[in-house]
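Visitor: I am sharing target-v3.cif, which consists of mmCIF, C-alpha atoms:
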```cif
data_final
#
loop_
_atom_site.label_atom_id
_atom_site.label_comp_id
_atom_site.auth_asym_id
_atom_site.auth_seq_id
_atom_site.Cartn_x
_atom_site.Cartn_y
_atom_site.Cartn_z
CA MET I 1 -7.75 -14.33 -11.54
CA SER I 2 -10.17 -12.25 -13.57
CA GLN I 3 -12.55 -15.23 -13.97
CA ALA I 4 -13.27 -15.63 -10.25
CA PRO I 5 -15.81 -13.43 -8.44
CA TRP I 6 -14.21 -10.24 -7.12
CA PRO I 7 -14.99 -8.81 -3.71
CA GLN I 8 -17.98 -6.50 -3.64
CA CYS I 9 -15.67 -3.67 -2.58
CA LEU I 10 -11.89 -3.54 -2.37
CA TRP I 11 -10.21 -0.64 -0.56
CA LEU I 12 -6.45 -0.07 -0.82
CA VAL I 13 -4.97 2.09 1.96
CA ARG I 14 -1.41 3.15 2.67
CA HIS I 15 -0.51 3.12 6.38
CA GLY I 16 -0.41 6.33 8.43
CA GLN I 17 2.73 8.42 8.69
CA SER I 18 5.52 6.43 10.37
CA ALA I 19 8.51 7.38 12.46
CA GLY I 20 10.57 6.23 9.48
CA ASN I 21 8.93 8.81 7.23
CA VAL I 22 9.85 11.50 9.76
CA ALA I 23 13.45 10.27 10.05
CA ARG I 24 13.83 10.11 6.29
CA ASP I 25 12.60 13.69 5.86
CA ALA I 26 15.12 14.86 8.48
CA ALA I 27 17.98 12.98 6.79
CA GLU I 28 17.14 14.34 3.35
CA ALA I 29 16.76 17.90 4.67
CA GLY I 30 20.09 17.64 6.49
CA GLY I 31 21.96 16.23 3.50
CA MET I 32 22.73 13.00 5.37
CA PRO I 33 23.63 9.80 3.46
CA VAL I 34 22.06 7.42 6.00
CA ILE I 35 18.68 7.51 7.76
CA GLU I 36 19.16 6.91 11.47
CA LEU I 37 16.55 4.64 13.06
CA ALA I 38 16.62 2.52 16.20
CA TRP I 39 14.27 -0.15 14.80
CA ARG I 40 14.28 -2.79 12.11
CA ASP I 41 12.13 -1.57 9.24
CA ILE I 42 9.45 -4.12 10.11
CA ASP I 43 9.25 -2.64 13.64
CA VAL I 44 8.98 1.06 12.73
CA PRO I 45 5.82 2.39 14.46
CA LEU I 46 3.39 5.10 13.49
CA SER I 47 4.27 8.66 14.41
CA GLU I 48 1.82 10.63 16.57
CA LEU I 49 0.45 12.16 13.38
CA GLY I 50 0.20 8.69 11.83
CA VAL I 51 -1.99 7.58 14.73
CA ALA I 52 -4.21 10.65 14.26
CA GLN I 53 -4.48 9.93 10.52
CA SER I 54 -5.44 6.30 11.18
CA GLU I 55 -8.06 7.35 13.73
CA ALA I 56 -9.53 9.87 11.28
CA LEU I 57 -9.82 7.11 8.69
CA SER I 58 -11.41 4.74 11.20
CA ASP I 59 -13.99 7.45 12.02
CA TRP I 60 -14.81 7.71 8.32
CA PHE I 61 -15.43 3.97 8.07
CA ARG I 62 -17.48 3.98 11.28
CA GLN I 63 -19.83 6.60 9.82
CA MET I 64 -20.75 4.28 6.94
CA ALA I 65 -23.88 2.20 7.01
CA THR I 66 -23.24 -1.25 8.46
CA GLU I 67 -23.79 -2.92 5.09
CA ASP I 68 -21.12 -0.71 3.49
CA ARG I 69 -18.24 -1.13 5.96
CA PRO I 70 -15.29 -3.51 5.46
CA GLU I 71 -15.98 -7.08 6.55
CA VAL I 72 -12.35 -8.15 6.64
CA VAL I 73 -9.04 -6.27 6.84
CA LEU I 74 -5.87 -7.67 5.26
CA CYS I 75 -2.62 -5.98 6.25
CA SER I 76 1.14 -6.06 5.95
CA PRO I 77 3.06 -7.57 8.89
CA TYR I 78 5.04 -4.33 9.28
CA LEU I 79 4.16 -2.58 12.53
CA ARG I 80 3.11 0.73 10.97
CA ALA I 81 0.59 -1.09 8.76
CA ARG I 82 -0.63 -3.34 11.58
CA GLU I 83 -1.19 -0.34 13.86
CA THR I 84 -3.16 1.43 11.12
CA ALA I 85 -5.21 -1.67 10.38
CA ARG I 86 -5.89 -2.34 14.07
CA LEU I 87 -7.21 1.18 14.63
CA ILE I 88 -9.53 0.79 11.65
CA ALA I 89 -10.63 -2.73 12.60
CA VAL I 90 -11.41 -1.80 16.22
CA LYS I 91 -12.45 1.85 16.13
CA GLY I 92 -14.04 1.65 12.70
CA SER I 93 -16.74 -0.69 13.99
CA ALA I 94 -19.94 1.02 15.13
CA THR I 95 -20.92 -2.05 17.18
CA GLY I 96 -17.66 -2.24 19.11
CA ASP I 97 -16.93 -5.68 17.68
CA PRO I 98 -13.63 -5.57 15.76
CA VAL I 99 -13.58 -6.36 12.06
CA ALA I 100 -11.75 -9.58 11.18
CA LEU I 101 -8.04 -8.73 10.79
CA ARG I 102 -5.65 -10.95 8.82
CA VAL I 103 -1.91 -10.32 8.49
CA ASP I 104 -0.36 -11.48 5.22
CA GLU I 105 3.37 -11.34 4.50
CA ARG I 106 2.75 -10.87 0.76
CA LEU I 107 1.65 -7.32 1.62
CA ARG I 108 5.01 -6.47 3.21
CA GLU I 109 7.03 -3.46 2.11
CA LYS I 110 9.23 -3.72 -0.97
CA GLU I 111 12.62 -5.00 0.18
CA PHE I 112 15.54 -2.68 -0.60
CA GLY I 113 18.40 -4.99 0.29
CA ILE I 114 21.79 -3.30 0.27
CA LEU I 115 20.19 0.14 -0.31
CA ASP I 116 18.12 0.00 2.88
CA ARG I 117 18.25 3.21 4.96
CA LEU I 118 20.21 5.12 2.34
CA THR I 119 19.08 8.49 1.02
CA ARG I 120 19.63 9.45 -2.63
CA LEU I 121 22.92 11.02 -1.59
CA GLY I 122 23.92 7.87 0.31
CA ILE I 123 23.19 5.63 -2.69
CA THR I 124 25.21 7.84 -5.03
CA ARG I 125 28.17 7.99 -2.64
CA LYS I 126 28.24 4.40 -1.45
CA HIS I 127 26.98 2.52 -4.53
CA PRO I 128 27.51 4.70 -7.60
CA ASP I 129 27.47 1.66 -9.88
CA LEU I 130 24.02 0.65 -8.58
CA ALA I 131 22.74 4.21 -8.91
CA GLU I 132 23.84 4.17 -12.55
CA GLN I 133 22.31 0.75 -13.16
CA ARG I 134 18.99 1.81 -11.58
CA ALA I 135 18.89 4.92 -13.75
CA HIS I 136 19.50 2.79 -16.85
CA VAL I 137 17.15 -0.12 -16.08
CA GLY I 138 14.39 1.86 -14.32
CA LYS I 139 12.74 1.17 -10.98
CA PHE I 140 10.22 -1.31 -12.42
CA TYR I 141 12.89 -3.90 -13.25
CA PHE I 142 15.86 -2.84 -11.12
CA ARG I 143 16.56 -5.27 -8.27
CA PRO I 144 19.20 -4.14 -5.74
CA PRO I 145 21.38 -6.88 -4.24
CA GLY I 146 19.34 -8.61 -1.54
CA GLY I 147 16.23 -6.63 -2.47
CA GLU I 148 13.25 -6.65 -4.82
CA SER I 149 12.17 -5.00 -8.04
CA TRP I 150 8.61 -3.82 -8.57
CA CYS I 151 8.16 -6.99 -10.66
CA ASP I 152 9.05 -9.10 -7.62
CA VAL I 153 6.40 -7.32 -5.56
CA ILE I 154 3.86 -7.81 -8.35
CA LEU I 155 4.63 -11.53 -8.46
CA ARG I 156 3.74 -12.06 -4.80
CA LEU I 157 0.66 -9.85 -5.13
CA ARG I 158 -0.68 -12.01 -7.97
CA SER I 159 -1.14 -14.90 -5.55
CA LEU I 160 -2.64 -12.55 -2.95
CA LEU I 161 -5.31 -11.39 -5.41
CA GLU I 162 -6.05 -14.99 -6.34
CA MET I 163 -6.57 -15.72 -2.63
CA ILE I 164 -8.85 -12.69 -2.25
CA THR I 165 -11.09 -13.76 -5.14
CA ARG I 166 -11.13 -17.35 -3.83
CA GLU I 167 -11.81 -16.65 -0.15
CA TYR I 168 -13.68 -13.33 -0.21
CA PRO I 169 -15.94 -13.30 -3.29
CA ASP I 170 -18.71 -10.69 -3.01
CA ARG I 171 -17.30 -9.51 0.34
CA ARG I 172 -16.05 -6.07 1.40
CA VAL I 173 -12.27 -6.21 1.79
CA LEU I 174 -9.84 -3.55 3.03
CA VAL I 175 -6.11 -3.87 2.34
CA VAL I 176 -3.65 -1.83 4.45
CA ALA I 177 -0.09 -1.83 3.18
CA HIS I 178 2.61 0.41 1.67
CA GLN I 179 3.09 2.85 -1.19
CA VAL I 180 4.70 0.43 -3.66
CA VAL I 181 2.15 -2.27 -2.78
CA VAL I 182 -0.75 0.11 -3.47
CA ASN I 183 0.71 1.04 -6.86
CA CYS I 184 1.47 -2.58 -7.75
CA MET I 185 -2.06 -3.65 -6.78
CA ARG I 186 -3.37 -0.95 -9.11
CA TYR I 187 -1.06 -2.27 -11.84
CA LEU I 188 -2.62 -5.74 -11.51
CA ILE I 189 -6.28 -4.82 -11.04
CA GLU I 190 -6.32 -2.24 -13.84
CA GLN I 191 -4.10 -4.39 -16.10
CA MET I 192 -1.56 -1.62 -16.67
CA ASP I 193 1.81 -1.74 -18.37
CA GLU I 194 5.15 -0.48 -17.06
CA GLN I 195 4.86 2.99 -18.57
CA THR I 196 1.35 3.60 -17.22
CA ILE I 197 2.13 2.74 -13.61
CA LEU I 198 5.42 4.65 -13.64
CA ASP I 199 3.63 7.70 -15.04
CA ILE I 200 1.21 7.47 -12.11
CA ASP I 201 4.11 7.07 -9.68
CA ARG I 202 5.82 10.17 -11.08
CA GLU I 203 2.72 12.24 -10.37
CA GLY I 204 3.46 11.99 -6.65
CA ASP I 205 3.67 9.70 -3.64
CA VAL I 206 0.62 7.89 -2.32
CA PRO I 207 -0.44 9.97 0.71
CA ASN I 208 -0.57 8.32 4.12
CA CYS I 209 -4.05 6.89 4.84
CA ALA I 210 -5.24 7.75 1.32
CA VAL I 211 -8.07 5.52 0.06
CA THR I 212 -8.30 3.87 -3.35
CA LEU I 213 -11.56 2.01 -3.90
CA TYR I 214 -12.66 -0.58 -6.46
CA ARG I 215 -16.22 -1.82 -6.74
CA ALA I 216 -17.37 -4.94 -8.56
CA PRO I 217 -20.07 -4.39 -11.19
CA PRO I 218 -23.22 -6.45 -10.64
CA ARG I 219 -23.21 -9.87 -12.24
CA VAL I 220 -26.06 -10.96 -14.47
CA ASP I 221 -27.33 -14.52 -13.88
CA ASP I 222 -24.36 -16.91 -14.24
CA GLU I 223 -22.09 -14.37 -15.91
CA LYS I 224 -18.52 -14.53 -14.68
CA SER I 225 -17.15 -11.49 -12.95
CA ARG I 226 -16.14 -8.45 -14.97
CA PRO I 227 -13.19 -6.17 -14.15
CA MET I 228 -13.43 -4.13 -10.98
CA GLN I 229 -14.42 -0.49 -11.46
CA LEU I 230 -12.16 2.21 -10.04
CA GLU I 231 -14.24 4.58 -7.90
CA LEU I 232 -11.74 6.52 -5.73
CA VAL I 233 -8.02 7.23 -6.13
CA ASN I 234 -5.91 8.54 -3.22
CA PHE I 235 -9.08 9.86 -1.59
CA LEU I 236 -8.20 12.15 1.33
CA ALA I 237 -11.55 13.50 2.50
CA PRO I 238 -11.43 11.46 5.76
CA LEU I 239 -8.31 13.39 6.84
CA ARG I 240 -9.40 16.78 5.55
CA GLU I 241 -12.84 16.54 7.16
CA SER I 242 -11.16 15.97 10.53
CA ALA I 243 -8.52 18.68 9.91
CA THR I 244 -5.77 16.04 10.17
CA PRO I 245 -2.58 17.01 8.26
CA VAL I 246 -1.92 15.09 5.05
CA THR I 247 1.56 13.58 4.51
CA SER I 248 3.02 11.80 1.51
CA ALA I 249 6.68 11.06 2.22
CA PRO I 250 8.04 7.93 0.51
CA ASP I 251 6.87 4.74 2.13
CA LYS I 252 10.04 3.49 3.70
CA PRO I 253 13.29 4.63 5.31
CA ALA I 254 15.31 3.75 2.21
CA ALA I 255 15.97 5.02 -1.28
CA ALA I 256 13.76 7.99 -2.10
CA LYS I 257 10.83 7.28 -4.44
CA PRO I 258 11.46 3.48 -4.37
#
```
Could you rewrite the structure in this file as structure tokens?

Guide:
Amino acid sequence: MSQAPWPQCLWLVRHGQSAGNVARDAAEAGGMPVIELAWRDIDVPLSELGVAQSEALSDWFRQMATEDRPEVVLCSPYLRARETARLIAVKGSATGDPVALRVDERLREKEFGILDRLTRLGITRKHPDLAEQRAHVGKFYFRPPGGESWCDVILRLRSLLEMITREYPDRRVLVVAHQVVVNCMRYLIEQMDEQTILDIDREGDVPNCAVTLYRAPPRVDDEKSRPMQLELVNFLAPLRESATPVTSAPDKPAAAKP
């Protein structure tokens, strides 16, 4: 993966605030064991604030010079990510022509299996043995029944990054996905270990519509590509410049801090 040419720029963006984030906050605040939602997780839409956040980010991209804007947008198939990506792809274009948008299932949310829709309280009450196992093993390796560990997410993202280097070398690529996906992409690109990425995760949730940017260093003659350089981490100026509220609730209506 590291031997192939990287994209010229690679942006990682978490989707805007979703209705699931709002429902989860209400359940946690009310001491409820289960998060009540009418949709499948894949169908949870953006909240009104999430739409505003996505539009603010699209305005930020539109203000860039044409040669600096994303050329292709890759996004999770989950509705909240697709809505965010669509707003950026359409409204982020100064010419009015939408940026190429490609949905890829490898960018989907981490699957929580039997723990889906449960708050911390719900997990402890309903599955105390799993809560104990998770505390012992740690979130990086813990796989709930029917769900995924962080390692499982990383495995599918390895093939995604190989595809990106193969199909979009020296291009400008924007990825719109979820909190765990953003962190796991960072784990791969920056060649981290378990402790490093979990330390970053403990610092706080990835804010909605935050931007992390990598830029490829220039290649000399026939030199193979060098590691991408981290330029921005959880960059929130697009929201703050537009006075749009910043939110950073966990990425999914499931176990807190997945």

Visitor: Measuring atom to atom with only C-alpha atoms, identify which of I:Arg166, I:Arg134, I:Arg106, I:Arg240 is nearest to Val153 in chain I.

Guide: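 The answer is I:Arg106, which sits nearest to Val153 in chain I.
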
Visitor: Determine the residue membership of the PyMOL selection byres ((chain I and resi 210) around 7) for the file above and supply it as a VMD selection string.

Guide: chain I and resid 13 to 14 206 to 209 211 to 212 234 to 236

Visitor: Could you give me, as a list in words, the residues within 6 Å of Ser18 in chain I, counting all atoms listed in the file and dropping anything in the same chain fewer than 5 positions from it?

Guide: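 Non-adjacent residues within range: Pro45, Leu46, Ser47 and Gly50 of chain I.
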
Visitor: If I take CA of Val73 in chain I and CA of Leu101 in chain I, how far is one from the other in Å, to one decimal?

Guide: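 Rounded to one decimal, the two atoms are 4.8 Å apart.
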
Visitor: Kindly indicate which residue among I:Leu79, I:Leu74, I:Val44, I:Ile189 lies nearest to Val175 in chain I, using only C-alpha atoms for the distances.

Guide: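 Comparing I:Leu79, I:Leu74, I:Val44, I:Ile189 against Val175 in chain I, the winner is I:Leu74.
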
Visitor: Work out how far apart CA of Val246 in chain I and CA of Asn21 in chain I are and give it in Å to one decimal.

Guide: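 Here the two named atoms are 12.7 Å from each other.
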
Visitor: Between I:Arg80, I:Arg86, I:Arg125, I:Arg102, which has the minimum distance to Ala19 in chain I (counting only C-alpha atoms)?

Guide: I:Arg80

Visitor: Translate the PyMOL selection byres ((chain I and resi 89) around 7), as applied to the file shown, into an explicit residue set as a PyMOL selection string.

Guide: chain I and resi 73+85-88+90-93+98-99+101

Visitor: Pick the closest to Gln191 in chain I from I:Leu213, I:Ala100, I:Met228, I:Ala38: which is it, counting all atoms listed in the file?

Guide: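 Result for the nearest residue to Gln191 in chain I: I:Met228.
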
Visitor: Applied to this file, what does the PyMOL selection byres ((chain I and resi 142) around 12) return in terms of residues, put as a list of chain:residue names?

Guide: I:Glu111, I:Phe112, I:Gly113, I:Leu130, I:Ala131, I:Glu132, I:Gln133, I:Arg134, I:Ala135, I:His136, I:Val137, I:Gly138, I:Lys139, I:Phe140, I:Tyr141, I:Arg143, I:Pro144, I:Pro145, I:Gly146, I:Gly147, I:Glu148, I:Ser149, I:Trp150, I:Cys151, I:Asp152, I:Val153, I:Pro258

Visitor: Enter the distance from CA of Ser248 in chain I to CA of Asp205 in chain I, in Å, rounded to one decimal.

Guide: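 CA of Asp205 in chain I lies at a distance of 5.6 Å from CA of Ser248 in chain I.
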
Visitor: I need the residue nearest Cys9 in chain I from this list: I:Gln229, I:Ser242, I:Thr247, I:Gln63. Use all atoms listed in the file for the distance.

Guide: I:Gln229
